[in-house]
Amino acid sequence: MADVKTVFGETLRKYRTKSNRSQQDVATRCDMSFRYYQELEAGTKQPTITTLFKLADSLEESPSTLIEPAYQDWQSSASKASDD
């Protein structure tokens, strides 16, 4: 199981590159520091719900699109843990 923050960061990177935006552009659009955005993509930080909404809006995606892969990973690992 990957850490949910890591999976979220990978998903964020995927949709940012799909939208042809730079990290700086997304950070600026979301009114956050470039460093904080880098930490989100690196999986060392996790966003608040408000930040999640800003990220989704700036990438023209739904919040659920950005968190679904992390949720699926978490759900899968939780299921495996209960089987042990």
# chains A, B, ... in the order shown; residues from 1 in each chain; ligands from 1
>>> residues_around(residues="A:Arg29", least_positions_apart="3", cutoff="10 Å", atoms="only C-alpha atoms", output="PyMOL selection string")
chain A and resi 23-26+32+54-55+57-59
>>> residues_around(residues="stretch 34-44 of chain A", least_positions_apart="4", cutoff="10 Å", atoms="only C-alpha atoms", output="list in words")
Asp3, Val4, Lys5, Thr6, Val7, Phe8, Gly9, Glu10, Thr11, Leu12, Arg13, Lys14, Arg16, Gln23, Gln24, Asp25, Val26, Ala27, Thr28, Cys30 and Leu55 of chain A
>>> select_by_dssp(residues="chain A", states="helix (DSSP H, G or I)", output="MDAnalysis selection string")
chainID A and resid 4:18 23:29 34:42 49:59 63:83
>>> residues_around(residues="A:Pro63", least_positions_apart="3", cutoff="7 Å", atoms="only C-alpha atoms", output="MDAnalysis selection string")
chainID A and resid 52:53 56 66:67
>>> atom_distance(atom1="atom CA of A:Ser76", atom2="atom CA of A:Ser19")
28.6 Å
